[in-house]
Amino acid sequence: MLRGRLLVAAPPLIDPNFDRSVVLMLEHGEDGGLGVILNRPSETSVYDVFPEWRELVSPPDLVFVGGPVATDAVIALARRRHVVLEAFEQIVDDIGTIDLADDPLDIGASLQSLRIFAGYAGWAPGQLEGELAEGAWFVVNLEPTDPFVDDPARLWRDVLRRQRGRLALFSNYPEDATVN
């Protein structure tokens with residue numbers, strides 16, 4: 001199972017929805033998989049759609065594009081402080097999801113980081129396994145700060161760079177291989 005792991009798009013992934021993407025897997029099993037793309041900020045400010053949560057959101061304070069599926073669905077990913085938090089669905093360690101319908105004043109002090117995603121990445125049963133077999137994704141471990149980095153444009157390279165062996169070499173893959 002890949003829940004709590006990162007999928008890093010192998011270059012060149014032809015699908016523009018996933019080129020150079022880093023996906024945190026929220027669910028994975030016989031019924032398929034679901035995750036959010038961690039490095040696709042939109043141009044929409046959190047203040048414009050969830051102003052009550054703006055002070056708690058990790059910079060940049062933008063809504064992120066979680067993926068091409070159900071773009072009107074919202075997933076709030078949080079890193080809790082080391083406290084018990086009933087309004088928290090754990091994914092891995094201190095990272096999980098919260099419900100934005102809850103009052104931020106009630107749970108805000110319990111959160112260390114927060115990021116809001118519109119949409120998600122989804123796979124039908126067996127689809128992700130097929131993509132993995134084709135070499136479309138690298139599966140790597142999550143660092144607790146990955147979902148909340150200040151500079152998401154660097155995340156793809158940074159995640160690859162910290163890997164051992166040949167995977168680290170992919171971090172130097174040019175944006176456009178035709179001009180290399």
# chains A, B, ... in the order shown; residues from 1 in each chain; ligands from 1

call {"tool": "select_by_dssp", "arguments": {"residues": "stretch 78-168 of chain A", "states": "strand (DSSP E)", "output": "short mmCIF file (atom, residue, chain, number, x, y, z; two decimals) with N, CA and C atoms, in the first residue's frame"}}
result
data_model
loop_
_atom_site.label_atom_id
_atom_site.label_comp_id
_atom_site.auth_asym_id
_atom_site.auth_seq_id
_atom_site.Cartn_x
_atom_site.Cartn_y
_atom_site.Cartn_z
N ALA A 78 -3.18 18.83 6.84
CA ALA A 78 -2.60 19.52 7.99
C ALA A 78 -1.52 18.68 8.65
N ARG A 79 -0.65 19.37 9.32
CA ARG A 79 0.32 18.72 10.20
C ARG A 79 -0.01 19.21 11.60
N ARG A 80 -0.35 18.27 12.45
CA ARG A 80 -0.74 18.66 13.81
C ARG A 80 0.48 18.74 14.71
N GLU A 89 -8.02 13.37 10.55
CA GLU A 89 -7.95 12.02 10.01
C GLU A 89 -6.51 11.74 9.58
N GLN A 90 -5.81 10.93 10.35
CA GLN A 90 -4.40 10.67 10.14
C GLN A 90 -4.14 9.94 8.84
N ILE A 91 -3.13 10.44 8.10
CA ILE A 91 -2.63 9.77 6.90
C ILE A 91 -1.34 9.03 7.26
N VAL A 92 -0.40 9.76 7.81
CA VAL A 92 0.87 9.19 8.26
C VAL A 92 1.45 10.11 9.34
N ILE A 95 0.58 13.92 9.98
CA ILE A 95 -0.03 14.52 8.80
C ILE A 95 -1.37 13.84 8.53
N GLY A 96 -2.37 14.66 8.28
CA GLY A 96 -3.71 14.13 8.02
C GLY A 96 -4.59 15.21 7.42
N THR A 97 -5.87 14.92 7.36
CA THR A 97 -6.81 15.89 6.80
C THR A 97 -7.71 16.42 7.91
N ILE A 98 -8.21 17.64 7.67
CA ILE A 98 -9.18 18.24 8.58
C ILE A 98 -10.36 18.71 7.75
N LEU A 111 -2.66 22.97 15.13
CA LEU A 111 -2.05 22.75 13.83
C LEU A 111 -0.70 23.44 13.72
N GLN A 112 0.23 22.72 13.14
CA GLN A 112 1.54 23.29 12.87
C GLN A 112 1.59 23.86 11.45
N SER A 113 0.93 23.17 10.51
CA SER A 113 0.93 23.57 9.10
C SER A 113 -0.43 23.21 8.50
N LEU A 114 -0.80 23.94 7.44
CA LEU A 114 -2.06 23.68 6.76
C LEU A 114 -1.92 24.06 5.29
N ARG A 115 -2.47 23.22 4.42
CA ARG A 115 -2.51 23.52 2.99
C ARG A 115 -3.86 23.06 2.46
N ILE A 116 -4.44 23.86 1.56
CA ILE A 116 -5.76 23.57 1.01
C ILE A 116 -5.62 23.24 -0.47
N PHE A 117 -6.25 22.14 -0.87
CA PHE A 117 -6.18 21.64 -2.25
C PHE A 117 -7.58 21.60 -2.86
N ALA A 118 -7.68 22.02 -4.12
CA ALA A 118 -8.90 21.88 -4.90
C ALA A 118 -8.67 20.74 -5.88
N GLY A 119 -9.50 19.72 -5.80
CA GLY A 119 -9.34 18.55 -6.66
C GLY A 119 -8.34 17.57 -6.10
N TYR A 120 -8.23 16.45 -6.80
CA TYR A 120 -7.29 15.41 -6.36
C TYR A 120 -6.87 14.57 -7.56
N ALA A 121 -5.88 13.75 -7.34
CA ALA A 121 -5.41 12.79 -8.34
C ALA A 121 -6.02 11.45 -7.97
N GLY A 122 -6.63 10.79 -8.94
CA GLY A 122 -7.29 9.53 -8.65
C GLY A 122 -6.94 8.45 -9.66
N TRP A 123 -6.91 7.22 -9.20
CA TRP A 123 -6.62 6.07 -10.04
C TRP A 123 -7.66 4.99 -9.81
N TRP A 137 6.27 6.57 -12.41
CA TRP A 137 6.40 7.17 -11.08
C TRP A 137 7.54 6.53 -10.31
N PHE A 138 8.20 7.36 -9.49
CA PHE A 138 9.13 6.88 -8.47
C PHE A 138 8.37 6.93 -7.15
N VAL A 139 8.44 5.89 -6.35
CA VAL A 139 7.80 5.86 -5.04
C VAL A 139 8.88 6.11 -4.00
N VAL A 140 8.70 7.17 -3.21
CA VAL A 140 9.71 7.54 -2.21
C VAL A 140 9.02 7.89 -0.90
#

call {"tool": "select_by_dssp", "arguments": {"residues": "stretch 9-180 of chain A", "states": "helix (DSSP H, G or I)", "output": "ChimeraX atom specification"}}
result
/A:46-49,51-56,104-110,127-133,146-148,152-161,166-172,177-179

call {"tool": "write_last_selection", "arguments": {"atoms": "N, CA and C atoms", "output": "short mmCIF file (atom, residue, chain, number, x, y, z; two decimals), in the first residue's frame"}}
result
data_model
loop_
_atom_site.label_atom_id
_atom_site.label_comp_id
_atom_site.auth_asym_id
_atom_site.auth_seq_id
_atom_site.Cartn_x
_atom_site.Cartn_y
_atom_site.Cartn_z
N VAL A 46 -6.13 31.88 -0.63
CA VAL A 46 -6.97 31.26 0.39
C VAL A 46 -7.93 32.30 0.96
N TYR A 47 -7.47 33.52 1.06
CA TYR A 47 -8.31 34.60 1.60
C TYR A 47 -9.59 34.78 0.78
N ASP A 48 -9.51 34.56 -0.53
CA ASP A 48 -10.68 34.75 -1.39
C ASP A 48 -11.76 33.68 -1.17
N VAL A 49 -11.39 32.48 -0.76
CA VAL A 49 -12.37 31.40 -0.63
C VAL A 49 -12.53 30.87 0.80
N PRO A 51 -11.39 32.74 3.96
CA PRO A 51 -10.68 33.80 4.69
C PRO A 51 -10.44 33.46 6.16
N GLU A 52 -11.34 32.68 6.76
CA GLU A 52 -11.19 32.33 8.18
C GLU A 52 -9.99 31.43 8.44
N TRP A 53 -9.45 30.78 7.42
CA TRP A 53 -8.31 29.87 7.55
C TRP A 53 -7.00 30.52 7.13
N ARG A 54 -7.04 31.72 6.59
CA ARG A 54 -5.85 32.34 5.99
C ARG A 54 -4.65 32.41 6.96
N GLU A 55 -4.91 32.75 8.19
CA GLU A 55 -3.80 32.91 9.15
C GLU A 55 -3.12 31.59 9.48
N LEU A 56 -3.78 30.47 9.22
CA LEU A 56 -3.23 29.16 9.57
C LEU A 56 -2.53 28.46 8.41
N PRO A 104 -11.93 27.30 12.82
CA PRO A 104 -10.46 27.40 12.94
C PRO A 104 -10.01 27.82 14.33
N LEU A 105 -10.86 28.53 15.06
CA LEU A 105 -10.50 28.93 16.42
C LEU A 105 -10.45 27.73 17.36
N ASP A 106 -11.22 26.69 17.05
CA ASP A 106 -11.24 25.49 17.88
C ASP A 106 -10.03 24.59 17.66
N ILE A 107 -9.54 24.51 16.42
CA ILE A 107 -8.46 23.56 16.14
C ILE A 107 -7.16 24.22 15.68
N GLY A 108 -7.19 25.52 15.41
CA GLY A 108 -6.02 26.21 14.88
C GLY A 108 -4.77 26.08 15.71
N ALA A 109 -4.89 26.18 17.02
CA ALA A 109 -3.71 26.09 17.90
C ALA A 109 -3.09 24.70 17.88
N SER A 110 -3.86 23.71 17.45
CA SER A 110 -3.37 22.33 17.39
C SER A 110 -2.63 22.03 16.09
N GLN A 127 -4.98 0.73 -12.07
CA GLN A 127 -4.42 1.76 -12.95
C GLN A 127 -3.06 2.25 -12.46
N LEU A 128 -2.95 2.58 -11.20
CA LEU A 128 -1.68 3.06 -10.67
C LEU A 128 -0.62 1.98 -10.74
N GLU A 129 -0.99 0.74 -10.45
CA GLU A 129 -0.03 -0.35 -10.53
C GLU A 129 0.53 -0.48 -11.95
N GLY A 130 -0.33 -0.28 -12.94
CA GLY A 130 0.11 -0.30 -14.34
C GLY A 130 1.09 0.82 -14.63
N GLU A 131 0.80 2.02 -14.13
CA GLU A 131 1.69 3.16 -14.33
C GLU A 131 3.03 2.95 -13.63
N LEU A 132 3.00 2.34 -12.46
CA LEU A 132 4.24 2.04 -11.74
C LEU A 132 5.07 1.02 -12.52
N ALA A 133 4.42 0.01 -13.07
CA ALA A 133 5.12 -1.01 -13.85
C ALA A 133 5.75 -0.42 -15.11
N ASP A 146 7.35 18.11 3.48
CA ASP A 146 7.09 18.12 2.03
C ASP A 146 5.75 18.75 1.64
N PRO A 147 4.65 18.43 2.30
CA PRO A 147 3.38 19.00 1.86
C PRO A 147 3.24 20.51 2.10
N PHE A 148 4.16 21.10 2.86
CA PHE A 148 3.98 22.47 3.32
C PHE A 148 5.16 23.39 2.98
N PRO A 152 7.08 25.57 -3.51
CA PRO A 152 6.66 24.31 -4.13
C PRO A 152 7.25 24.07 -5.51
N ALA A 153 7.70 25.10 -6.18
CA ALA A 153 8.30 24.93 -7.51
C ALA A 153 9.59 24.10 -7.43
N ARG A 154 10.24 24.07 -6.29
CA ARG A 154 11.50 23.32 -6.11
C ARG A 154 11.28 21.90 -5.59
N LEU A 155 10.06 21.57 -5.22
CA LEU A 155 9.81 20.30 -4.53
C LEU A 155 10.21 19.09 -5.35
N TRP A 156 9.88 19.04 -6.63
CA TRP A 156 10.21 17.88 -7.47
C TRP A 156 11.71 17.62 -7.44
N ARG A 157 12.50 18.66 -7.69
CA ARG A 157 13.97 18.50 -7.67
C ARG A 157 14.48 18.16 -6.28
N ASP A 158 13.95 18.85 -5.27
CA ASP A 158 14.44 18.62 -3.91
C ASP A 158 14.17 17.20 -3.44
N VAL A 159 12.98 16.66 -3.73
CA VAL A 159 12.66 15.29 -3.32
C VAL A 159 13.58 14.30 -4.02
N LEU A 160 13.79 14.49 -5.31
CA LEU A 160 14.70 13.59 -6.05
C LEU A 160 16.14 13.73 -5.57
N ARG A 161 16.57 14.94 -5.31
CA ARG A 161 17.95 15.20 -4.91
C ARG A 161 18.30 14.48 -3.61
N ARG A 166 20.82 6.29 -8.29
CA ARG A 166 20.50 6.91 -9.57
C ARG A 166 19.28 7.82 -9.54
N LEU A 167 18.39 7.61 -8.59
CA LEU A 167 17.22 8.48 -8.49
C LEU A 167 17.62 9.93 -8.30
N ALA A 168 18.66 10.18 -7.54
CA ALA A 168 19.11 11.56 -7.32
C ALA A 168 19.54 12.22 -8.62
N LEU A 169 20.04 11.45 -9.57
CA LEU A 169 20.47 12.01 -10.85
C LEU A 169 19.32 12.63 -11.63
N PHE A 170 18.10 12.12 -11.44
CA PHE A 170 16.94 12.68 -12.15
C PHE A 170 16.65 14.12 -11.73
N SER A 171 17.13 14.53 -10.59
CA SER A 171 16.88 15.91 -10.14
C SER A 171 17.52 16.93 -11.10
N ASN A 172 18.48 16.49 -11.90
CA ASN A 172 19.13 17.38 -12.86
C ASN A 172 18.51 17.32 -14.25
N ALA A 177 14.13 18.76 -22.50
CA ALA A 177 15.26 17.90 -22.91
C ALA A 177 15.70 18.17 -24.35
N THR A 178 14.89 18.81 -25.16
CA THR A 178 15.26 19.07 -26.55
C THR A 178 16.30 20.18 -26.68
N VAL A 179 16.45 21.01 -25.64
CA VAL A 179 17.43 22.09 -25.69
C VAL A 179 18.69 21.75 -24.90
#

call {"tool": "closest_residue", "arguments": {"among": "A:Gly4, A:Gly67, A:Pro60, A:Pro144", "to": "A:Leu24", "atoms": "only C-alpha atoms"}}
result
A:Gly4

call {"tool": "atom_distance", "arguments": {"atom1": "atom CA of A:Gly66", "atom2": "atom CA of A:Val8"}}
result
14.1 Å

call {"tool": "residues_around", "arguments": {"residues": "A:Val23", "least_positions_apart": "4", "cutoff": "9 Å", "atoms": "only C-alpha atoms", "output": "ChimeraX atom specification"}}
result
/A:5-9,18,35-39,66-67,121
